[in-house]
$ cat final_37.txt   # compact mmCIF, C-alpha atoms
# COMPACT_ATOMS: atom_id res chain seq x y z
CA MET A 1 36.12 -37.91 64.61
CA ALA A 2 38.20 -37.17 61.54
CA GLN A 3 37.47 -33.85 59.83
CA THR A 4 36.22 -34.07 56.23
CA ILE A 5 38.43 -32.18 53.83
CA LEU A 6 36.61 -30.79 50.79
CA SER A 7 37.91 -29.36 47.58
CA ILE A 8 36.84 -25.86 46.64
CA THR A 9 34.63 -27.27 43.89
CA GLN A 10 32.96 -29.65 46.35
CA LEU A 11 32.31 -26.84 48.80
CA ASN A 12 30.85 -24.57 46.14
CA GLU A 13 28.67 -27.39 44.84
CA TYR A 14 27.50 -28.17 48.37
CA ILE A 15 26.57 -24.53 49.00
CA ARG A 16 24.78 -24.37 45.64
CA GLY A 17 22.81 -27.49 46.47
CA ARG A 18 21.71 -26.08 49.79
CA MET A 19 20.68 -22.81 48.18
CA ASP A 20 18.85 -24.52 45.34
CA ALA A 21 16.89 -26.53 47.90
CA ASP A 22 15.79 -23.44 49.83
CA PRO A 23 12.22 -22.54 48.72
CA VAL A 24 12.80 -18.89 49.59
CA LEU A 25 15.84 -18.61 47.32
CA THR A 26 14.40 -20.57 44.41
CA GLN A 27 11.63 -18.05 43.80
CA VAL A 28 12.54 -14.60 45.02
CA ALA A 29 11.67 -11.01 44.02
CA VAL A 30 14.23 -8.30 44.77
CA ARG A 31 13.82 -4.54 44.53
CA GLY A 32 16.82 -2.35 43.65
CA GLU A 33 18.58 0.05 41.31
CA ILE A 34 20.49 -1.14 38.23
CA SER A 35 24.21 -0.34 37.99
CA ASN A 36 27.15 -1.66 35.95
CA TYR A 37 24.71 -2.83 33.27
CA LYS A 38 26.27 -4.71 30.32
CA LEU A 39 24.71 -6.45 27.33
CA TYR A 40 27.06 -9.00 25.79
CA PRO A 41 27.03 -10.14 22.11
CA SER A 42 25.69 -13.49 23.33
CA GLY A 43 22.45 -11.73 24.29
CA HIS A 44 22.97 -12.22 28.05
CA HIS A 45 22.48 -9.24 30.39
CA TYR A 46 24.77 -8.74 33.41
CA PHE A 47 24.21 -6.05 36.03
CA THR A 48 24.25 -5.26 39.74
CA LEU A 49 21.22 -4.45 41.86
CA LYS A 50 21.92 -2.12 44.75
CA ASP A 51 20.14 -0.33 47.51
CA GLU A 52 21.38 2.02 50.25
CA GLY A 53 23.56 -0.59 51.97
CA SER A 54 24.17 -3.61 49.75
CA ALA A 55 24.68 -4.90 46.21
CA LEU A 56 23.70 -8.10 44.43
CA LYS A 57 25.14 -9.46 41.20
CA CYS A 58 22.50 -10.47 38.65
CA VAL A 59 22.35 -12.21 35.29
CA LEU A 60 19.48 -12.37 32.79
CA PHE A 61 20.06 -14.94 30.10
CA LYS A 62 19.07 -14.36 26.47
CA GLY A 63 16.02 -16.65 26.51
CA ASN A 64 14.40 -14.70 29.33
CA ALA A 65 15.64 -11.34 28.00
CA LEU A 66 13.70 -11.82 24.75
CA ARG A 67 10.47 -11.48 26.73
CA LEU A 68 11.39 -8.04 28.06
CA ARG A 69 9.21 -5.14 26.83
CA PHE A 70 11.78 -2.52 27.87
CA ARG A 71 15.56 -2.26 27.81
CA PRO A 72 17.29 -2.07 31.20
CA GLU A 73 19.41 1.00 31.88
CA ASN A 74 21.72 2.16 34.63
CA GLY A 75 19.83 4.01 37.37
CA MET A 76 16.54 2.29 36.58
CA LYS A 77 14.61 1.05 39.60
CA ILE A 78 13.28 -2.46 39.01
CA ILE A 79 11.93 -5.57 40.65
CA ALA A 80 13.91 -8.65 39.58
CA MET A 81 12.33 -12.10 39.84
CA GLY A 82 14.37 -15.30 39.79
CA ARG A 83 16.45 -17.66 41.94
CA VAL A 84 19.59 -17.16 44.00
CA SER A 85 22.35 -19.67 43.43
CA VAL A 86 26.13 -20.05 43.42
CA PHE A 87 28.31 -19.89 40.33
CA PRO A 88 30.75 -22.67 41.23
CA ARG A 89 33.65 -21.38 39.19
CA ASP A 90 33.87 -18.10 41.10
CA GLY A 91 32.30 -19.19 44.35
CA ALA A 92 30.03 -16.15 44.22
CA TYR A 93 26.29 -16.21 44.58
CA GLN A 94 24.08 -14.18 42.25
CA LEU A 95 20.48 -13.71 41.24
CA TYR A 96 19.56 -15.64 38.11
CA CYS A 97 16.72 -13.43 36.78
CA THR A 98 13.77 -14.86 34.94
CA ALA A 99 11.83 -11.59 34.62
CA LEU A 100 12.24 -7.87 35.26
CA ALA A 101 9.57 -5.31 36.02
CA LEU A 102 9.83 -1.59 36.49
CA ASP A 103 9.26 -0.50 40.04
CA GLY A 104 6.19 1.76 40.05
CA VAL A 105 5.82 2.00 36.23
CA GLY A 106 4.29 -0.54 33.86
CA ASP A 107 6.62 -2.41 31.53
CA LEU A 108 4.61 -1.48 28.45
CA TYR A 109 4.56 2.21 29.34
CA ALA A 110 8.33 2.20 29.88
CA ALA A 111 8.93 0.40 26.60
CA PHE A 112 6.64 2.90 24.85
CA GLU A 113 8.54 5.88 26.26
CA GLN A 114 11.92 4.36 25.46
CA LEU A 115 11.04 3.66 21.83
CA LYS A 116 9.37 7.05 21.47
CA LYS A 117 12.51 8.79 22.71
CA LYS A 118 14.75 6.71 20.44
CA LEU A 119 12.71 7.27 17.26
CA ALA A 120 12.27 10.98 17.98
CA ALA A 121 16.06 11.33 18.23
CA GLN A 122 16.38 9.63 14.82
CA GLY A 123 13.96 12.13 13.24
CA LEU A 124 11.08 9.74 12.53
CA PHE A 125 8.58 12.21 14.00
CA ASP A 126 9.95 15.25 12.15
CA PRO A 127 7.05 17.26 10.60
CA ALA A 128 9.28 18.04 7.60
CA HIS A 129 9.06 14.36 6.62
CA LYS A 130 5.25 14.30 6.61
CA LYS A 131 3.74 13.84 3.15
CA PRO A 132 0.50 15.58 2.10
CA LEU A 133 -2.51 13.37 1.50
CA PRO A 134 -3.95 13.25 -2.04
CA LYS A 135 -7.16 15.30 -2.33
CA PHE A 136 -8.89 12.75 -4.55
CA PRO A 137 -7.23 9.32 -4.04
CA GLY A 138 -7.94 6.88 -6.83
CA THR A 139 -7.07 3.81 -4.75
CA ILE A 140 -6.98 3.46 -0.96
CA GLY A 141 -5.14 0.59 0.72
CA ILE A 142 -6.40 -0.57 4.12
CA ILE A 143 -3.98 -2.59 6.24
CA THR A 144 -5.91 -4.16 9.09
CA SER A 145 -7.65 -7.36 10.15
CA SER A 146 -10.27 -8.56 7.71
CA ALA A 147 -12.34 -9.98 10.57
CA GLY A 148 -12.59 -6.84 12.70
CA ALA A 149 -15.47 -4.38 12.83
CA ALA A 150 -13.09 -1.50 12.00
CA VAL A 151 -12.67 -2.53 8.35
CA HIS A 152 -16.43 -2.72 7.79
CA ASP A 153 -16.89 0.75 9.30
CA MET A 154 -14.19 2.16 7.04
CA LEU A 155 -15.62 0.53 3.90
CA ARG A 156 -19.09 1.82 4.68
CA ILE A 157 -17.89 5.40 5.21
CA LEU A 158 -15.65 5.36 2.11
CA ARG A 159 -18.50 4.13 -0.10
CA LYS A 160 -20.84 6.77 1.29
CA ARG A 161 -18.44 9.72 1.13
CA TYR A 162 -16.53 9.09 -2.10
CA PRO A 163 -17.51 5.98 -4.10
CA LEU A 164 -15.09 6.92 -6.91
CA SER A 165 -12.14 5.59 -4.89
CA ARG A 166 -11.24 1.92 -5.17
CA VAL A 167 -10.37 0.11 -1.94
CA ARG A 168 -7.75 -2.62 -1.60
CA LEU A 169 -7.70 -4.59 1.63
CA LEU A 170 -4.36 -6.03 2.75
CA PRO A 171 -5.44 -8.35 5.61
CA VAL A 172 -2.98 -8.78 8.48
CA ARG A 173 -3.03 -9.84 12.10
CA VAL A 174 -3.22 -6.79 14.35
CA GLN A 175 -2.24 -8.34 17.69
CA GLY A 176 0.07 -11.04 18.83
CA ALA A 177 3.74 -11.77 18.23
CA GLU A 178 3.35 -12.14 14.45
CA ALA A 179 1.36 -8.93 13.96
CA PRO A 180 4.20 -6.34 13.75
CA GLY A 181 6.02 -8.30 11.06
CA GLU A 182 2.86 -8.75 8.98
CA ILE A 183 1.90 -5.06 9.25
CA ALA A 184 5.39 -3.89 8.26
CA ALA A 185 5.52 -6.37 5.38
CA ALA A 186 2.10 -5.23 4.08
CA ILE A 187 3.23 -1.58 4.05
CA ALA A 188 6.41 -2.51 2.17
CA TYR A 189 4.41 -4.68 -0.27
CA ALA A 190 1.97 -1.87 -1.06
CA ASN A 191 4.89 0.45 -1.79
CA ARG A 192 6.83 -2.06 -3.87
CA TYR A 193 3.92 -2.64 -6.25
CA HIS A 194 2.34 0.84 -6.02
CA LEU A 195 -0.99 -0.64 -4.92
CA ALA A 196 -2.55 2.57 -3.61
CA ASP A 197 -2.40 6.36 -3.51
CA LEU A 198 -3.07 6.36 0.23
CA LEU A 199 -2.72 3.80 3.04
CA ILE A 200 -4.81 3.47 6.21
CA VAL A 201 -3.03 1.38 8.86
CA GLY A 202 -4.81 0.50 12.09
CA ARG A 203 -7.36 -1.47 14.04
CA GLY A 204 -10.27 -1.02 16.44
CA GLY A 205 -10.00 -0.36 20.15
CA GLY A 206 -8.57 -2.62 22.82
CA SER A 207 -6.20 -2.76 25.77
CA ILE A 208 -2.61 -1.49 25.53
CA GLU A 209 -1.54 -5.10 25.05
CA ASP A 210 -3.99 -5.48 22.15
CA LEU A 211 -2.66 -2.32 20.47
CA TRP A 212 1.00 -3.12 21.13
CA ALA A 213 1.78 -4.19 17.54
CA PHE A 214 1.50 -0.53 16.54
CA ASN A 215 4.18 0.37 19.10
CA ASP A 216 6.65 -1.95 17.40
CA GLU A 217 9.87 -0.55 15.94
CA ARG A 218 9.44 -2.51 12.69
CA VAL A 219 6.05 -0.94 12.03
CA ALA A 220 7.43 2.53 12.81
CA TYR A 221 10.26 2.17 10.28
CA ALA A 222 7.92 0.74 7.64
CA ILE A 223 5.60 3.75 7.95
CA TYR A 224 8.54 6.17 7.90
CA GLU A 225 10.02 4.59 4.76
CA SER A 226 6.67 4.44 2.92
CA GLN A 227 6.51 6.58 -0.22
CA ILE A 228 2.71 6.31 -0.07
CA PRO A 229 1.12 8.67 2.50
CA VAL A 230 -0.04 6.82 5.60
CA ILE A 231 -2.95 7.54 7.98
CA SER A 232 -2.57 5.86 11.38
CA ALA A 233 -5.94 4.77 12.80
CA VAL A 234 -5.42 2.78 15.97
CA GLY A 235 -8.01 2.26 18.71
CA HIS A 236 -10.12 5.04 20.16
CA GLU A 237 -9.34 8.75 20.43
CA PRO A 238 -7.47 8.55 23.79
CA ASP A 239 -5.24 5.75 22.49
CA VAL A 240 -1.83 6.94 21.27
CA THR A 241 0.71 4.65 19.61
CA ILE A 242 4.14 5.06 18.05
CA SER A 243 2.60 4.66 14.59
CA ASP A 244 0.51 7.80 15.29
CA PHE A 245 3.70 9.85 15.69
CA VAL A 246 5.40 8.45 12.57
CA ALA A 247 2.42 8.50 10.19
CA ASP A 248 1.69 11.42 7.89
CA LEU A 249 -1.66 11.91 9.66
CA ARG A 250 -3.18 10.52 12.84
CA ALA A 251 -6.88 9.67 12.94
CA ALA A 252 -8.74 9.42 16.23
CA THR A 253 -10.47 6.19 15.12
CA PRO A 254 -10.61 3.98 12.00
CA SER A 255 -13.92 5.63 11.07
CA ASN A 256 -12.29 9.06 11.38
CA ALA A 257 -9.46 7.83 9.12
CA ALA A 258 -12.00 7.04 6.39
CA GLU A 259 -13.47 10.52 6.76
CA LEU A 260 -10.02 12.13 6.52
CA ALA A 261 -8.97 9.99 3.55
CA VAL A 262 -11.60 11.18 1.04
CA PRO A 263 -13.77 14.23 0.42
CA ASP A 264 -17.52 14.16 1.01
CA GLN A 265 -19.39 13.76 -2.28
CA ASP A 266 -22.34 15.80 -0.95
CA ALA A 267 -20.03 18.68 -0.05
CA LEU A 268 -18.37 18.40 -3.47
CA ARG A 269 -21.75 18.60 -5.21
CA GLN A 270 -22.72 21.64 -3.16
CA ASN A 271 -19.40 23.26 -4.00
CA LEU A 272 -19.83 22.49 -7.69
CA ASP A 273 -23.38 23.90 -7.64
CA ALA A 274 -22.13 27.07 -5.97
CA MET A 275 -19.32 27.41 -8.51
CA SER A 276 -21.75 26.79 -11.39
CA SER A 277 -24.11 29.46 -10.05
CA ALA A 278 -21.26 31.92 -9.63
CA MET A 279 -20.04 31.23 -13.18
CA ALA A 280 -23.57 31.71 -14.57
CA THR A 281 -23.84 35.05 -12.76
CA VAL A 282 -20.50 36.26 -14.10
CA LEU A 283 -21.34 35.06 -17.61
CA GLY A 284 -24.72 36.86 -17.47
CA ARG A 285 -22.97 40.09 -16.49
CA GLN A 286 -20.49 39.72 -19.34
CA LEU A 287 -23.29 39.07 -21.84
CA LYS A 288 -25.22 42.11 -20.60
CA SER A 289 -22.15 44.31 -20.91
CA ALA A 290 -21.42 42.96 -24.40
CA ARG A 291 -25.05 43.57 -25.46
CA GLN A 292 -24.88 47.18 -24.23
CA HIS A 293 -21.65 47.71 -26.12
CA LEU A 294 -23.23 46.25 -29.26
CA ASP A 295 -26.17 48.65 -28.91
CA VAL A 296 -23.75 51.60 -28.71
CA LEU A 297 -21.97 50.40 -31.82
CA ALA A 298 -25.26 49.93 -33.65
CA GLN A 299 -26.06 53.64 -33.09
CA SER A 300 -22.72 54.82 -34.47
CA PRO A 301 -22.76 56.70 -37.86
CA ALA A 302 -20.40 54.20 -39.43
CA LEU A 303 -22.91 51.38 -39.05
CA ARG A 304 -26.10 53.36 -39.59
CA SER A 305 -24.88 55.01 -42.87
CA PRO A 306 -21.60 53.54 -44.08
CA THR A 307 -21.62 55.62 -47.36
CA GLY A 308 -22.25 58.91 -45.58
CA TYR A 309 -19.61 58.05 -43.02
CA LEU A 310 -17.09 57.33 -45.78
CA GLU A 311 -17.92 60.60 -47.56
CA GLN A 312 -17.47 62.51 -44.35
CA ARG A 313 -14.13 60.82 -43.72
CA GLU A 314 -13.14 61.54 -47.35
CA LYS A 315 -13.85 65.27 -46.88
CA SER A 316 -11.88 65.26 -43.65
CA LEU A 317 -9.01 63.54 -45.46
CA GLU A 318 -9.11 66.10 -48.30
CA LEU A 319 -9.09 68.96 -45.80
CA LEU A 320 -6.19 67.41 -44.00
CA LYS A 321 -4.30 66.95 -47.27
CA ASN A 322 -4.82 70.62 -48.21
CA ARG A 323 -3.59 71.69 -44.83
CA LEU A 324 -0.50 69.52 -45.23
CA VAL A 325 0.21 70.92 -48.73
CA SER A 326 -0.25 74.53 -47.53
CA ALA A 327 2.03 73.90 -44.60
CA GLN A 328 4.62 72.32 -46.87
CA ASN A 329 4.52 75.26 -49.35
CA ALA A 330 4.83 77.78 -46.54
CA SER A 331 7.78 75.88 -45.15
CA ILE A 332 9.50 75.79 -48.56
CA THR A 333 8.88 79.53 -49.06
CA ARG A 334 10.40 80.36 -45.68
CA LYS A 335 13.43 78.22 -46.41
CA ASN A 336 13.90 79.82 -49.88
CA GLN A 337 13.79 83.25 -48.31
CA ARG A 338 16.38 82.27 -45.72
CA TYR A 339 18.52 80.78 -48.48
CA ILE A 340 18.37 83.96 -50.61
CA ALA A 341 19.25 86.13 -47.61
CA ALA A 342 22.19 83.91 -46.76
CA VAL A 343 23.46 83.99 -50.38
CA SER A 344 23.21 87.79 -50.43
CA LYS A 345 25.19 88.07 -47.21
CA LEU A 346 27.79 85.63 -48.48
CA ASP A 347 28.11 87.46 -51.79
CA ALA A 348 28.53 90.80 -50.04
CA MET A 349 31.33 89.39 -47.92
CA SER A 350 33.11 87.72 -50.89
CA PRO A 351 36.60 89.16 -51.60
CA LEU A 352 35.88 88.78 -55.32
CA LYS A 353 33.20 91.44 -54.96
CA VAL A 354 35.88 93.93 -53.91
CA LEU A 355 37.90 93.23 -57.06
CA THR A 356 35.10 94.54 -59.25
CA ARG A 357 35.55 97.95 -57.64
CA GLY A 358 39.20 98.32 -58.92
CA TYR A 359 41.00 96.42 -56.21
CA SER A 360 43.32 93.42 -56.69
CA MET A 361 44.51 90.53 -54.56
CA ALA A 362 48.11 89.22 -54.61
CA GLN A 363 49.04 85.64 -53.72
CA THR A 364 52.30 83.76 -53.37
CA GLU A 365 53.16 80.71 -55.43
CA ARG A 366 51.81 78.67 -52.53
CA GLY A 367 48.42 80.40 -52.76
CA GLU A 368 48.86 82.48 -49.63
CA VAL A 369 47.35 85.99 -49.67
CA LEU A 370 50.09 88.60 -49.57
CA ARG A 371 49.66 90.83 -46.55
CA SER A 372 53.32 91.77 -46.03
CA VAL A 373 56.40 92.29 -48.19
CA ARG A 374 58.18 89.87 -45.87
CA GLN A 375 56.24 86.97 -47.36
CA VAL A 376 58.21 87.06 -50.67
CA GLU A 377 61.75 87.46 -51.82
CA LEU A 378 63.22 89.24 -54.88
CA GLY A 379 62.80 87.20 -58.02
CA GLU A 380 59.92 85.18 -56.57
CA ARG A 381 56.80 84.82 -58.68
CA ILE A 382 53.47 86.08 -57.42
CA HIS A 383 49.90 85.98 -58.81
CA ILE A 384 47.60 88.97 -58.93
CA ALA A 385 43.78 88.56 -59.13
CA LEU A 386 41.86 91.38 -60.82
CA GLY A 387 38.18 91.95 -61.44
CA ASP A 388 38.35 90.44 -64.92
CA GLY A 389 41.27 87.96 -64.70
CA LYS A 390 44.68 87.08 -63.23
CA LEU A 391 48.30 88.26 -63.79
CA SER A 392 51.59 86.54 -62.98
CA ALA A 393 54.56 88.77 -62.04
CA THR A 394 58.10 88.59 -60.70
CA VAL A 395 59.18 90.63 -57.67
CA MET A 396 61.86 93.03 -58.90
CA GLU A 397 61.97 95.23 -55.84
CA LYS A 398 60.44 95.33 -52.36
CA LYS A 399 60.41 98.10 -49.82
CA GLU A 400 58.98 98.11 -46.35
CA GLU A 401 57.20 101.16 -44.97
CA GLY A 402 59.31 103.30 -42.70
CA LYS A 403 62.61 102.09 -44.07

$ encode --input "final_37.txt" --output "C-alpha cells"
Amino acid sequence: MAQTILSITQLNEYIRGRMDADPVLTQVAVRGEISNYKLYPSGHHYFTLKDEGSALKCVLFKGNALRLRFRPENGMKIIAMGRVSVFPRDGAYQLYCTALALDGVGDLYAAFEQLKKKLAAQGLFDPAHKKPLPKFPGTIGIITSSAGAAVHDMLRILRKRYPLSRVRLLPVRVQGAEAPGEIAAAIAYANRYHLADLLIVGRGGGSIEDLWAFNDERVAYAIYESQIPVISAVGHEPDVTISDFVADLRAATPSNAAELAVPDQDALRQNLDAMSSAMATVLGRQLKSARQHLDVLAQSPALRSPTGYLEQREKSLELLKNRLVSAQNASITRKNQRYIAAVSKLDAMSPLKVLTRGYSMAQTERGEVLRSVRQVELGERIHIALGDGKLSATVMEKKEEGK
C-alpha cells in the first residue's frame, strides 16, 4: 500500500479538523495563571496560561474581550472558557477563549477593585477636590430614572423639608449598557447650562449588576469634572459604588441624599425663633440700661436748672481766670527781678565801670586790648579809652619791666 504524502498545510488542516470535531475540545474550561499578557492595538488579547507543569497559549479576540468586566493582568488566576484548535500557519494549537472568569473572585468585584485602584491613583478620590454643598440651594438637579420609586421619595422629602428649592429632574436610564453614557451626559449637560446649584445622582437598591452603571469610568470622570457639587445616592446603605468615592458627598440612600441636600424648615423656624427671642432679650437689656442712664442725666443740675448751672460755671470760670492772671503777674514779677539782678551783675563786671574810677584802657589799631608792650611797635598808633571819652596817641617810646 502506497504511503500518502501530505503537505504541512494539509497535515495542520487535518489535525485542526480532528480537534474541531472533538466535543471535549470544542467547549473546554481551563484553570491557570496568566503570563506573557499582551494587548495589541487591534483589540485582541494574547497570553499564556500556566500551572505547575505546563503552559497553554491563548487568544481572546476583540469581540469577546469587549464583554469582559475586568482587565487581565500577569499573575492573575483565571478560568478560561473556549475551544482548542490549531493555528495552521504555525502548526501550534492554542485555546481560543470566548470568556474569562476570575478563579475564586467574582468578575464584577475584580473590575470594581481594579477601577477603584486606578482612579485613586489619578486623584479622583482626593478629599482636597471635594466641593462644599450650598447651605440653601436654590435649584436641585436630580439625575435618576423617572420611573423609579427613589425619585418620588426624594421629591416628597425635598418638598417637606425645604419647599423653597426648585427641583429639576434629568431622567436617565440607571441600568443596562446605555445607562453610564446617559448618566455622564446628564451631569455634563447640567454643568454646561448651569441648571442647578446641587446635583443628586443615584438610584434605588438592587443587585450589584443593577448598580453597575455607577461603577463605570465615564460616570466617575463626569462627577469629578462637575463644577456643581454632587451627592451620590446609590442603592441601600451597605451598597458602595465608585461614584460614592468620587462624589463630593455620599448618601446612604436616595432619601438620605434629599435630607442632606437641604435644611429642615422646621429646624430653621425653631432656630429663627430662638434668635428672635435672644435678640429681644438683648434689646430689652439695652433699653433698660439706656433708661437708667437717662434717669441719671435727668437728675443732673445742668438739666434741672440750666440757668443756675450756667451761673455756677461762670463763677468757676471767673475764679479760674483770676487765678491765671495772678499766676501770670507773679511769673512776670519773678522774671523782672531776675532780669534786674542779671543787669546789675553785668554792669558791675563791665570794664567801662572801671574807667569811671580814673582808669583807662588802651587798644591797638586792630582793637586788641593792650596787655603787653610787645603788642605794639614805636610809631604805631594806639587808642586810649577814658571815663569820659577816647584819645588817639602814637608810641614814642616803650620799655619793658626789668630791662

$ residues_around --input "final_37.txt" --residues "stretch 67-81 of chain A" --least-positions-apart "6" --cutoff "8 Å" --atoms "only C-alpha atoms" --output "ChimeraX atom specification"
/A:27-37,97-103,107-108,110-111,114

$ atom_distance --input "final_37.txt" --atom1 "atom CA of A:Ala150" --atom2 "atom CA of A:Gly138"
21.2 Å

$ closest_residue --input "final_37.txt" --among "A:Asp388, A:Glu178, A:Asp20, A:Glu113" --to "A:Arg83" --atoms "only C-alpha atoms"
A:Asp20

$ closest_atom_pairs --input "final_37.txt" --of "stretch 183-256 of chain A" --to "stretch 160-171 of chain A" --cutoff "10 Å" --atoms "only C-alpha atoms" --output "JSON lines"
{"residue": "A:Ile183", "atom": "CA", "partner": "A:Pro171", "partner_atom": "CA", "distance": 8.8}
{"residue": "A:Ala186", "atom": "CA", "partner": "A:Leu170", "partner_atom": "CA", "distance": 6.6}
{"residue": "A:Ile187", "atom": "CA", "partner": "A:Leu170", "partner_atom": "CA", "distance": 8.9}
{"residue": "A:Tyr189", "atom": "CA", "partner": "A:Leu170", "partner_atom": "CA", "distance": 9.4}
{"residue": "A:Ala190", "atom": "CA", "partner": "A:Leu170", "partner_atom": "CA", "distance": 8.5}
{"residue": "A:Leu195", "atom": "CA", "partner": "A:Arg168", "partner_atom": "CA", "distance": 7.8}
{"residue": "A:Ala196", "atom": "CA", "partner": "A:Arg168", "partner_atom": "CA", "distance": 7.6}
{"residue": "A:Asp197", "atom": "CA", "partner": "A:Ser165", "partner_atom": "CA", "distance": 9.9}
{"residue": "A:Leu198", "atom": "CA", "partner": "A:Val167", "partner_atom": "CA", "distance": 9.9}
{"residue": "A:Leu199", "atom": "CA", "partner": "A:Arg168", "partner_atom": "CA", "distance": 9.4}
{"residue": "A:Ile200", "atom": "CA", "partner": "A:Leu169", "partner_atom": "CA", "distance": 9.7}
{"residue": "A:Val201", "atom": "CA", "partner": "A:Leu170", "partner_atom": "CA", "distance": 9.7}

$ write_last_selection --input "final_37.txt" --atoms "C-alpha atoms" --output "CSV table (one decimal), in the frame of the given file"
chain,number,residue,atom,x,y,z
A,183,ILE,CA,1.9,-5.1,9.2
A,186,ALA,CA,2.1,-5.2,4.1
A,187,ILE,CA,3.2,-1.6,4.0
A,189,TYR,CA,4.4,-4.7,-0.3
A,190,ALA,CA,2.0,-1.9,-1.1
A,195,LEU,CA,-1.0,-0.6,-4.9
A,196,ALA,CA,-2.6,2.6,-3.6
A,197,ASP,CA,-2.4,6.4,-3.5
A,198,LEU,CA,-3.1,6.4,0.2
A,199,LEU,CA,-2.7,3.8,3.0
A,200,ILE,CA,-4.8,3.5,6.2
A,201,VAL,CA,-3.0,1.4,8.9

$ residues_around --input "final_37.txt" --residues "stretch 207-216 of chain A" --least-positions-apart "2" --cutoff "12 Å" --atoms "all atoms listed in the file" --output "number ranges by chain"
A: 69-70, 106-116, 119, 143-144, 172-184, 201-205, 218-223, 232-236, 238-247

$ closest_residue --input "final_37.txt" --among "A:Asp51, A:Glu397, A:Glu237, A:Asp347" --to "A:Ser255" --atoms "all atoms listed in the file"
A:Glu237

$ residues_around --input "final_37.txt" --residues "A:Glu401" --least-positions-apart "2" --cutoff "12 Å" --atoms "all atoms listed in the file" --output "list in words"
Ser372, Val373, Arg374, Lys398, Lys399 and Lys403 of chain A

$ residues_near_point --input "final_37.txt" --point "(44.9, 88.7, -59.5)" --cutoff "9 Å" --atoms "all atoms listed in the file" --output "ChimeraX atom specification"
/A:355,360-363,383-392

$ atom_distance --input "final_37.txt" --atom1 "atom CA of A:Ala274" --atom2 "atom CA of A:Pro134"
23.2 Å

$ atom_distance --input "final_37.txt" --atom1 "atom CA of A:Pro137" --atom2 "atom CA of A:Gln270"
19.8 Å

$ closest_residue --input "final_37.txt" --among "A:Lys57, A:Glu368, A:Lys62, A:Glu259" --to "A:His45" --atoms "all atoms listed in the file"
A:Lys62

$ closest_residue --input "final_37.txt" --among "A:His44, A:Gly17, A:Arg192, A:Ala258" --to "A:His152" --atoms "only C-alpha atoms"
A:Ala258

$ axis_aligned_box --input "final_37.txt" --around "stretch 291-296 of chain A" --padding-each-side "5 Å" --output "lines of an AutoDock Vina configuration file"
center_x = -23.9
center_y = 47.6
center_z = -26.7
size_x = 14.5
size_y = 18.0
size_z = 15.0

$ closest_residue --input "final_37.txt" --among "A:Glu365, A:Glu13, A:Glu314, A:Glu377" --to "A:Gly91" --atoms "all atoms listed in the file"
A:Glu13

$ closest_residue --input "final_37.txt" --among "A:Arg89, A:Lys50, A:Lys288, A:Lys38" --to "A:Leu11" --atoms "only C-alpha atoms"
A:Arg89
